[in-house]
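Novice: Take this structure, written in structure tokens, and hold onto it; I'll ask about it next.
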Amino acid sequence: MTTAAPIAAIVGAAGLAVLLLATDRLARLAGLVAWGASLGVLGLYLLPDLSRSRLVAAAVGVAVVAVVVALVLRRWPYALAFATLACIPLRLPVDIGDDEVNLLLPLYGVIGGLALSFAWELVRGDDRARELGPVAWPLAAFVLWAGLSMAWTADVRRGAIFLGAFVLPFGLLAIGFARLPWRGKWLTWLWGGLVAMALAFAAVGGYQWVTRDVFWNPSVKVFNAYAPFFRVNSVFWDPSVYGRFLTVAILASLAGILLGGIRGWRVAGLYAVVCATWLGLLISFSQSSFVALAVGIVVAVAVAWGRQATLALVAVGAATVIVLVAVPQIRHELVGKSRSELNRITSGRSKLLGEGFRIAADNPVQGVGVGGFSREYARRLGIPGRDPKRVASHTTPVTVLAEQGFVGVALLAWLVAAAFLATLRGLGRGFTSRVSLATGIVLLAIAVHSVFYAAFFEDPMTWALLGLVGLVSRVPKKKPPLLSGRQPPAEPSPVPEPAPAP
């Protein structure tokens, strides 16, 4: 299976790329078959040692769940979005060889149902294609390059986990989101579900902070025993993942406030949601989440309110930094630290990043292959074992640079830039513009968060947002008011089912 896994990964990546780019229905059906066969081989390669009876029972159970989900999706397409949202916190630990990986097992059942529903639509003659619009090419290129790197990876098992557990299944999820019909009511309810979950998680975090009792993660408990502040993780394993989810909810709500078009008690409700969610974020003490939120706010203000408001906001931020640096204690923490002290302050990240850049310098074009960072880092420093906390870069761009070279990081930059720019094109003051702005700034915030915490491609929210980029790019936006004060003519209502891309 060690030889079959890289071949299966390459075939699966090629199949997903065909699904993203092909316009011929039969070609897409062949790509879907290749995608499913690849996941089957990778699943067998990664499965822990189980008896044959348990494997058969698990296979039957997955098949039954997939069929039921497919039937539900055929009748209610937006069940895909709500089921994905509900599954985001449901990460379950799974032992794969020497690694323990937190996988979204319930979500895989949803994706299995999506695959069956998608296959049925293709067989019945559905000729929609390139649903992801402006991000189809960069995403297909990145997926294909990541799959090809399995041919020279330093760690086949970790590469198989990355592709088989995240990229390939979540790639189909992005296509499923892009194929959703445009329904303003259902998208509003989806935002409501996101906000309701964020407020519930913030309430759980508040309970943990008051009672000084966190769940699941013993390392957080140890940290809290010695730290001068108390971090909470709510229902998530890691406080930073919890903080990322709340950041997404805040920015999604902020788009409605900034672009206007919402008045009265609804605006007051949006402010209340943002404030309550921010309080939950505060007690996570997730620095990466606060940085991501700050970047998202600045960009959203720049897009919605223009240059003057942005300069004012940046000036306030700069003044705050100057005041903080003027405090002797803070200045001492920021400057005058040795390299070892800097590494300690950043929880070992500076050393990991430095070694990541050196790995990339030695393999500048192709990298060490997808999944190979940890093994190559451990080999260079003589670290026994492969503890992921000790040998993971915690930074998506550096990981991609080390594993896939400058080609991979260039494709990643192309993907993020294409998605972000597509959501900002032609913004006005209507509902579609609010959805588009929310999609763009949330995706940008997750990208910024992944610079400090990684998990850009491992997060299903990333892929769902990429699908939403394709969805909103096909729907016309209401134009902003003219400078003279005259209103532009009303736009025609968008058709329920957008025409297929050429």
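Letters for chains follow the order of the structure tokens (A, B, ...), residue numbers begin at 1 for each chain, and ligand numbers begin at 1 in the order shown.
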List the spatial neighbours of Lys477 of chain A as a ChimeraX atom specification - criterion: any atom at most 7 Å away, only C-alpha atoms, same-chain residues fewer than 2 positions off excluded.
Specialist: /A:426-428,430,432-433,475,479
Novice: For N, CA and C atoms, I'd like the residues from the last selection saved as a PDB file, in the first residue's frame.
Specialist:
ATOM      1  N   GLY A 426     -17.295  45.093  -7.914  1.00  0.00           N
ATOM      2  CA  GLY A 426     -18.639  45.575  -8.140  1.00  0.00           C
ATOM      3  C   GLY A 426     -19.530  45.628  -6.921  1.00  0.00           C
ATOM      4  N   LEU A 427     -18.965  45.834  -5.745  1.00  0.00           N
ATOM      5  CA  LEU A 427     -19.786  45.874  -4.536  1.00  0.00           C
ATOM      6  C   LEU A 427     -20.711  47.086  -4.535  1.00  0.00           C
ATOM      7  N   GLY A 428     -21.940  46.873  -4.085  1.00  0.00           N
ATOM      8  CA  GLY A 428     -22.897  47.971  -3.935  1.00  0.00           C
ATOM      9  C   GLY A 428     -23.436  48.003  -2.523  1.00  0.00           C
ATOM     10  N   GLY A 430     -26.549  46.128  -1.793  1.00  0.00           N
ATOM     11  CA  GLY A 430     -27.596  45.136  -1.695  1.00  0.00           C
ATOM     12  C   GLY A 430     -27.182  43.888  -0.928  1.00  0.00           C
ATOM     13  N   THR A 432     -26.658  40.830  -2.065  1.00  0.00           N
ATOM     14  CA  THR A 432     -25.577  40.091  -2.713  1.00  0.00           C
ATOM     15  C   THR A 432     -24.224  40.694  -2.372  1.00  0.00           C
ATOM     16  N   SER A 433     -24.143  42.015  -2.319  1.00  0.00           N
ATOM     17  CA  SER A 433     -22.883  42.671  -1.976  1.00  0.00           C
ATOM     18  C   SER A 433     -22.478  42.366  -0.541  1.00  0.00           C
ATOM     19  N   VAL A 475     -23.836  35.952  -9.466  1.00  0.00           N
ATOM     20  CA  VAL A 475     -25.084  36.677  -9.199  1.00  0.00           C
ATOM     21  C   VAL A 475     -24.827  38.167  -9.323  1.00  0.00           C
ATOM     22  N   LYS A 479     -25.996  48.107  -7.858  1.00  0.00           N
ATOM     23  CA  LYS A 479     -25.000  49.165  -7.969  1.00  0.00           C
ATOM     24  C   LYS A 479     -25.151  50.171  -6.830  1.00  0.00           C
TER      25      LYS A 479
END
Novice: Using only C-alpha atoms, which residues of segment 164-279 of chain A come within 10 Å of segment 23-47 of chain A, and what is the closest atom pair for each, with the distance in Å to one decimal? Give it as CSV, sorted by chain and residue number.
Specialist:
residue,atom,partner,partner_atom,distance
A:Gly164,CA,A:Leu39,CA,5.9
A:Ala165,CA,A:Leu39,CA,8.6
A:Leu168,CA,A:Trp35,CA,7.4
A:Pro169,CA,A:Leu39,CA,8.1
A:Leu172,CA,A:Trp35,CA,9.0
Novice: Only all heavy atoms, please: the residues just picked out, written as a short mmCIF file (atom, residue, chain, number, x, y, z; two decimals), in the first residue's frame.
Specialist:
data_model
loop_
_atom_site.label_atom_id
_atom_site.label_comp_id
_atom_site.auth_asym_id
_atom_site.auth_seq_id
_atom_site.Cartn_x
_atom_site.Cartn_y
_atom_site.Cartn_z
N GLY A 164 -5.91 12.90 1.62
CA GLY A 164 -7.06 12.01 1.76
C GLY A 164 -8.07 12.45 2.80
O GLY A 164 -9.27 12.16 2.68
N ALA A 165 -7.61 13.16 3.83
CA ALA A 165 -8.52 13.57 4.90
C ALA A 165 -9.00 15.00 4.75
O ALA A 165 -10.02 15.37 5.36
CB ALA A 165 -7.84 13.41 6.27
N LEU A 168 -8.86 16.40 -0.76
CA LEU A 168 -9.77 15.75 -1.70
C LEU A 168 -11.23 15.81 -1.24
O LEU A 168 -12.10 16.23 -2.03
CB LEU A 168 -9.33 14.30 -1.94
CG LEU A 168 -7.96 14.14 -2.62
CD1 LEU A 168 -7.67 12.66 -2.89
CD2 LEU A 168 -7.91 14.91 -3.92
N PRO A 169 -11.56 15.41 -0.02
CA PRO A 169 -12.98 15.50 0.37
C PRO A 169 -13.50 16.93 0.46
O PRO A 169 -14.61 17.23 0.02
CB PRO A 169 -13.03 14.80 1.73
CG PRO A 169 -11.63 14.81 2.24
CD PRO A 169 -10.76 14.76 1.03
N LEU A 172 -14.39 18.59 -2.95
CA LEU A 172 -15.74 18.32 -3.45
C LEU A 172 -16.77 19.14 -2.68
O LEU A 172 -17.78 19.58 -3.25
CB LEU A 172 -16.06 16.83 -3.33
CG LEU A 172 -17.35 16.40 -4.03
CD1 LEU A 172 -17.21 16.52 -5.54
CD2 LEU A 172 -17.76 14.98 -3.63
#
Novice: Assign secondary structure with DSSP using the backbone only, and return the residues of segment 37-243 of chain A in strand (DSSP E or B) as a PyMOL selection string.
Specialist: chain A and resi 92-96+99-103
Novice: Leaving out Pro239 of chain A and any residue of its chain fewer than 3 positions from it, which residues lie within 12 Å of it when counting only C-alpha atoms, given as a short mmCIF file (atom, residue, chain, number, x, y, z; two decimals) with N, CA, C and O atoms, in the first residue's frame?
Specialist:
data_model
loop_
_atom_site.label_atom_id
_atom_site.label_comp_id
_atom_site.auth_asym_id
_atom_site.auth_seq_id
_atom_site.Cartn_x
_atom_site.Cartn_y
_atom_site.Cartn_z
N PHE A 201 -21.26 28.98 21.75
CA PHE A 201 -19.89 28.64 22.11
C PHE A 201 -19.28 29.70 23.03
O PHE A 201 -18.50 29.38 23.94
N ALA A 202 -19.60 30.97 22.77
CA ALA A 202 -19.12 32.04 23.65
C ALA A 202 -19.69 31.89 25.06
O ALA A 202 -18.99 32.14 26.06
N GLY A 205 -17.74 29.23 26.68
CA GLY A 205 -16.45 29.78 27.08
C GLY A 205 -16.56 30.66 28.31
O GLY A 205 -15.68 30.63 29.18
N GLN A 208 -16.72 28.44 31.29
CA GLN A 208 -15.40 27.92 31.63
C GLN A 208 -14.56 28.98 32.34
O GLN A 208 -13.83 28.67 33.28
N VAL A 214 -11.79 24.02 32.03
CA VAL A 214 -11.86 23.82 30.59
C VAL A 214 -12.08 22.34 30.28
O VAL A 214 -11.82 21.47 31.12
N PHE A 215 -12.55 22.08 29.06
CA PHE A 215 -12.87 20.71 28.66
C PHE A 215 -11.77 20.15 27.77
O PHE A 215 -10.97 20.87 27.19
N TRP A 216 -11.76 18.86 27.63
CA TRP A 216 -11.04 18.08 26.63
C TRP A 216 -9.52 18.16 26.73
O TRP A 216 -8.87 17.12 26.87
N ASN A 217 -8.96 19.35 26.60
CA ASN A 217 -7.54 19.49 26.31
C ASN A 217 -6.71 19.63 27.58
O ASN A 217 -6.72 20.68 28.24
N SER A 219 -3.49 19.98 27.86
CA SER A 219 -2.41 20.96 27.72
C SER A 219 -2.89 22.37 28.05
O SER A 219 -2.13 23.18 28.59
N VAL A 220 -4.14 22.68 27.75
CA VAL A 220 -4.69 23.98 28.12
C VAL A 220 -4.81 24.09 29.63
O VAL A 220 -4.55 25.15 30.21
N LYS A 221 -5.17 23.00 30.29
CA LYS A 221 -5.26 23.02 31.75
C LYS A 221 -3.89 23.26 32.38
O LYS A 221 -3.76 24.02 33.35
N PHE A 223 -1.39 24.83 30.92
CA PHE A 223 -1.05 26.22 30.62
C PHE A 223 -1.72 27.15 31.62
O PHE A 223 -1.08 28.08 32.14
N ASN A 224 -3.00 26.93 31.88
CA ASN A 224 -3.73 27.81 32.79
C ASN A 224 -3.21 27.73 34.22
O ASN A 224 -3.37 28.68 35.00
N PHE A 230 -6.31 33.21 32.15
CA PHE A 230 -7.00 31.93 31.98
C PHE A 230 -7.61 31.86 30.58
O PHE A 230 -8.44 32.68 30.20
N ARG A 231 -7.19 30.86 29.80
CA ARG A 231 -7.70 30.67 28.44
C ARG A 231 -8.83 29.64 28.46
O ARG A 231 -8.81 28.69 29.25
N VAL A 232 -9.79 29.83 27.56
CA VAL A 232 -10.88 28.86 27.42
C VAL A 232 -10.88 28.34 25.99
O VAL A 232 -10.38 28.98 25.06
N ASN A 233 -11.44 27.14 25.82
CA ASN A 233 -11.52 26.54 24.49
C ASN A 233 -12.94 26.17 24.09
O ASN A 233 -13.16 25.62 23.02
N SER A 234 -13.93 26.46 24.96
CA SER A 234 -15.33 26.16 24.69
C SER A 234 -15.48 24.69 24.32
O SER A 234 -14.93 23.83 25.00
N VAL A 235 -16.17 24.37 23.22
CA VAL A 235 -16.37 22.97 22.83
C VAL A 235 -15.27 22.49 21.89
O VAL A 235 -15.31 21.34 21.43
N PHE A 236 -14.29 23.35 21.57
CA PHE A 236 -13.21 22.99 20.65
C PHE A 236 -12.02 22.43 21.44
O PHE A 236 -11.90 22.61 22.65
N TYR A 242 -11.25 27.76 18.45
CA TYR A 242 -12.43 28.44 19.00
C TYR A 242 -12.43 29.92 18.62
O TYR A 242 -13.44 30.47 18.18
N GLY A 243 -11.27 30.57 18.77
CA GLY A 243 -11.16 31.97 18.42
C GLY A 243 -11.39 32.21 16.94
O GLY A 243 -12.00 33.21 16.54
N ARG A 244 -10.92 31.30 16.10
CA ARG A 244 -11.12 31.44 14.65
C ARG A 244 -12.61 31.41 14.32
O ARG A 244 -13.08 32.20 13.51
N PHE A 245 -13.35 30.50 14.93
CA PHE A 245 -14.78 30.40 14.64
C PHE A 245 -15.50 31.69 15.04
O PHE A 245 -16.35 32.19 14.29
N LEU A 246 -15.18 32.24 16.20
CA LEU A 246 -15.82 33.48 16.63
C LEU A 246 -15.42 34.65 15.73
O LEU A 246 -16.25 35.54 15.45
N GLY A 280 -16.68 36.68 23.97
CA GLY A 280 -16.26 35.29 23.97
C GLY A 280 -14.88 35.11 23.38
O GLY A 280 -14.09 34.27 23.85
N LEU A 281 -14.55 35.90 22.36
CA LEU A 281 -13.22 35.83 21.76
C LEU A 281 -12.15 36.34 22.73
O LEU A 281 -11.03 35.81 22.78
N LEU A 282 -12.49 37.35 23.50
CA LEU A 282 -11.52 37.96 24.41
C LEU A 282 -10.94 36.94 25.38
O LEU A 282 -9.73 36.89 25.61
N ILE A 283 -11.78 36.08 25.95
CA ILE A 283 -11.31 35.14 26.97
C ILE A 283 -10.65 33.91 26.37
O ILE A 283 -10.18 33.04 27.12
N SER A 284 -10.61 33.83 25.03
CA SER A 284 -9.82 32.76 24.41
C SER A 284 -8.33 33.10 24.45
O SER A 284 -7.48 32.22 24.37
N PHE A 285 -8.02 34.40 24.54
CA PHE A 285 -6.64 34.89 24.51
C PHE A 285 -5.87 34.31 23.33
O PHE A 285 -4.70 33.93 23.44
N SER A 286 -6.55 34.23 22.19
CA SER A 286 -5.93 33.74 20.96
C SER A 286 -5.38 34.91 20.17
O SER A 286 -6.11 35.65 19.53
N GLN A 287 -4.05 35.09 20.25
CA GLN A 287 -3.44 36.22 19.56
C GLN A 287 -3.65 36.13 18.05
O GLN A 287 -3.89 37.15 17.39
N SER A 288 -3.57 34.92 17.51
CA SER A 288 -3.76 34.76 16.07
C SER A 288 -5.17 35.17 15.65
O SER A 288 -5.36 35.78 14.57
N SER A 289 -6.15 34.91 16.48
CA SER A 289 -7.53 35.29 16.15
C SER A 289 -7.71 36.80 16.20
O SER A 289 -8.42 37.39 15.37
N TYR A 453 -1.28 30.04 12.92
CA TYR A 453 -1.78 28.80 13.50
C TYR A 453 -1.83 27.65 12.49
O TYR A 453 -2.05 26.52 12.87
#
Novice: Choose the residue, out of A:Leu19, A:Leu254, A:Val303, A:Val407, that has the smallest atom-to-atom separation from Ala119 of chain A; count only C-alpha atoms.
Specialist: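 Closest candidate: A:Leu19.
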Novice: Enter the distance from atom CA of Ala292 of chain A to atom CA of Val101 of chain A, in Å, rounded to one decimal.
Specialist: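 Distance between the two atoms: 24.9 Å.
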Novice: Which residue, A:Leu199, A:Ile383, A:Leu73, A:Ala268, has the smallest gap to Phe177 of chain A when you use only C-alpha atoms?
Specialist: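 For Phe177 of chain A, the nearest of the given residues is A:Leu73.
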Novice: Between atom CA of Ala464 of chain A and atom CA of Leu103 of chain A, what is the spacing in Å?
Specialist: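 Between these atoms lies a distance of 16.8 Å.
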Novice: Pick the closest to Val469 of chain A from A:Leu353, A:Trp305, A:Gly159, A:Leu132: which is it, counting only C-alpha atoms?
Specialist: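 So, comparing all the options, the nearest one is A:Leu132.
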Novice: Point out the residue among A:Phe162, A:Trp137, A:Trp463, A:Phe457 with the least atom-to-atom distance to Leu20 of chain A, counting only C-alpha atoms.
Specialist: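 Distance minimum relative to Leu20 of chain A lands on A:Trp137.
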Novice: From a backbone DSSP assignment, name each residue in segment 40-178 of chain A labelled helix (DSSP H, G or I), as a PyMOL selection string.
Specialist: chain A and resi 40-46+52-75+79-87+105-123+133-151+156-178
Novice: Write out the residues from the selection above, keeping C-alpha atoms, as an mmCIF file, in the first residue's frame.
Specialist:
data_model
loop_
_atom_site.group_PDB
_atom_site.id
_atom_site.type_symbol
_atom_site.label_atom_id
_atom_site.label_comp_id
_atom_site.auth_asym_id
_atom_site.auth_seq_id
_atom_site.Cartn_x
_atom_site.Cartn_y
_atom_site.Cartn_z
ATOM 1 C CA GLY A 40 -10.929 4.415 -1.226
ATOM 2 C CA VAL A 41 -7.271 3.455 -1.685
ATOM 3 C CA LEU A 42 -6.024 6.183 0.653
ATOM 4 C CA GLY A 43 -8.628 5.151 3.228
ATOM 5 C CA LEU A 44 -7.389 1.548 3.161
ATOM 6 C CA TYR A 45 -3.805 2.765 3.485
ATOM 7 C CA LEU A 46 -4.570 4.971 6.478
ATOM 8 C CA ARG A 52 -12.481 -7.715 8.768
ATOM 9 C CA SER A 53 -15.936 -7.797 10.344
ATOM 10 C CA ARG A 54 -15.493 -4.297 11.773
ATOM 11 C CA LEU A 55 -14.287 -2.970 8.444
ATOM 12 C CA VAL A 56 -17.284 -4.451 6.641
ATOM 13 C CA ALA A 57 -19.663 -3.042 9.254
ATOM 14 C CA ALA A 58 -18.058 0.394 8.977
ATOM 15 C CA ALA A 59 -18.262 0.312 5.171
ATOM 16 C CA VAL A 60 -21.942 -0.649 5.265
ATOM 17 C CA GLY A 61 -22.682 2.073 7.810
ATOM 18 C CA VAL A 62 -20.921 4.734 5.730
ATOM 19 C CA ALA A 63 -22.791 3.614 2.601
ATOM 20 C CA VAL A 64 -26.169 3.805 4.342
ATOM 21 C CA VAL A 65 -25.424 7.274 5.737
ATOM 22 C CA ALA A 66 -24.242 8.477 2.326
ATOM 23 C CA VAL A 67 -27.415 7.258 0.612
ATOM 24 C CA VAL A 68 -29.643 8.926 3.202
ATOM 25 C CA VAL A 69 -27.702 12.194 2.944
ATOM 26 C CA ALA A 70 -27.863 12.055 -0.861
ATOM 27 C CA LEU A 71 -31.651 11.699 -0.762
ATOM 28 C CA VAL A 72 -31.911 14.646 1.633
ATOM 29 C CA LEU A 73 -29.658 16.807 -0.547
ATOM 30 C CA ARG A 74 -31.690 16.026 -3.629
ATOM 31 C CA ARG A 75 -34.762 17.480 -1.941
ATOM 32 C CA ALA A 79 -28.984 20.899 3.893
ATOM 33 C CA LEU A 80 -25.365 20.634 2.715
ATOM 34 C CA ALA A 81 -24.525 24.081 4.116
ATOM 35 C CA PHE A 82 -26.332 23.586 7.422
ATOM 36 C CA ALA A 83 -24.896 20.088 7.928
ATOM 37 C CA THR A 84 -21.380 21.374 7.228
ATOM 38 C CA LEU A 85 -21.830 24.197 9.726
ATOM 39 C CA ALA A 86 -23.108 21.780 12.375
ATOM 40 C CA CYS A 87 -20.165 19.403 11.831
ATOM 41 C CA LEU A 105 -15.742 12.152 10.780
ATOM 42 C CA PRO A 106 -19.437 13.203 10.677
ATOM 43 C CA LEU A 107 -18.656 15.633 7.869
ATOM 44 C CA TYR A 108 -17.228 12.815 5.765
ATOM 45 C CA GLY A 109 -20.651 11.180 5.799
ATOM 46 C CA VAL A 110 -22.130 14.421 4.461
ATOM 47 C CA ILE A 111 -19.473 14.566 1.724
ATOM 48 C CA GLY A 112 -20.203 10.951 0.792
ATOM 49 C CA GLY A 113 -23.851 11.865 0.308
ATOM 50 C CA LEU A 114 -22.791 14.906 -1.718
ATOM 51 C CA ALA A 115 -20.704 12.670 -4.003
ATOM 52 C CA LEU A 116 -23.680 10.374 -4.666
ATOM 53 C CA SER A 117 -26.000 13.318 -5.301
ATOM 54 C CA PHE A 118 -23.443 14.939 -7.608
ATOM 55 C CA ALA A 119 -22.965 11.696 -9.546
ATOM 56 C CA TRP A 120 -26.732 11.345 -9.972
ATOM 57 C CA GLU A 121 -26.986 14.889 -11.335
ATOM 58 C CA LEU A 122 -24.205 14.254 -13.840
ATOM 59 C CA VAL A 123 -25.797 11.004 -14.998
ATOM 60 C CA GLY A 133 -15.635 30.616 -11.287
ATOM 61 C CA PRO A 134 -12.552 32.813 -10.712
ATOM 62 C CA VAL A 135 -10.947 30.404 -8.213
ATOM 63 C CA ALA A 136 -11.384 27.249 -10.318
ATOM 64 C CA TRP A 137 -8.019 27.506 -12.083
ATOM 65 C CA PRO A 138 -5.819 28.446 -9.083
ATOM 66 C CA LEU A 139 -7.471 25.831 -6.860
ATOM 67 C CA ALA A 140 -7.134 23.118 -9.506
ATOM 68 C CA ALA A 141 -3.479 24.040 -10.057
ATOM 69 C CA PHE A 142 -2.708 23.919 -6.329
ATOM 70 C CA VAL A 143 -4.502 20.593 -5.830
ATOM 71 C CA LEU A 144 -2.756 19.025 -8.815
ATOM 72 C CA TRP A 145 0.696 20.237 -7.717
ATOM 73 C CA ALA A 146 0.096 18.977 -4.163
ATOM 74 C CA GLY A 147 -0.913 15.584 -5.558
ATOM 75 C CA LEU A 148 2.119 15.403 -7.838
ATOM 76 C CA SER A 149 4.420 16.156 -4.901
ATOM 77 C CA MET A 150 3.435 12.793 -3.424
ATOM 78 C CA ALA A 151 5.862 11.329 -5.967
ATOM 79 C CA VAL A 156 4.001 9.309 2.415
ATOM 80 C CA ARG A 157 1.720 8.782 5.406
ATOM 81 C CA ARG A 158 1.436 12.441 6.365
ATOM 82 C CA GLY A 159 0.987 13.385 2.734
ATOM 83 C CA ALA A 160 -1.790 10.825 2.412
ATOM 84 C CA ILE A 161 -3.473 12.255 5.517
ATOM 85 C CA PHE A 162 -3.317 15.800 4.139
ATOM 86 C CA LEU A 163 -4.743 14.846 0.757
ATOM 87 C CA GLY A 164 -7.064 12.015 1.761
ATOM 88 C CA ALA A 165 -8.523 13.569 4.905
ATOM 89 C CA PHE A 166 -8.664 17.224 3.869
ATOM 90 C CA VAL A 167 -7.888 18.361 0.321
ATOM 91 C CA LEU A 168 -9.770 15.751 -1.705
ATOM 92 C CA PRO A 169 -12.981 15.502 0.369
ATOM 93 C CA PHE A 170 -13.159 19.214 1.139
ATOM 94 C CA GLY A 171 -12.485 20.040 -2.510
ATOM 95 C CA LEU A 172 -15.737 18.322 -3.453
ATOM 96 C CA LEU A 173 -17.401 20.211 -0.606
ATOM 97 C CA ALA A 174 -16.352 23.495 -2.253
ATOM 98 C CA ILE A 175 -17.962 22.386 -5.516
ATOM 99 C CA GLY A 176 -21.118 21.448 -3.623
ATOM 100 C CA PHE A 177 -21.354 24.918 -2.058
ATOM 101 C CA ALA A 178 -20.790 26.576 -5.434
#
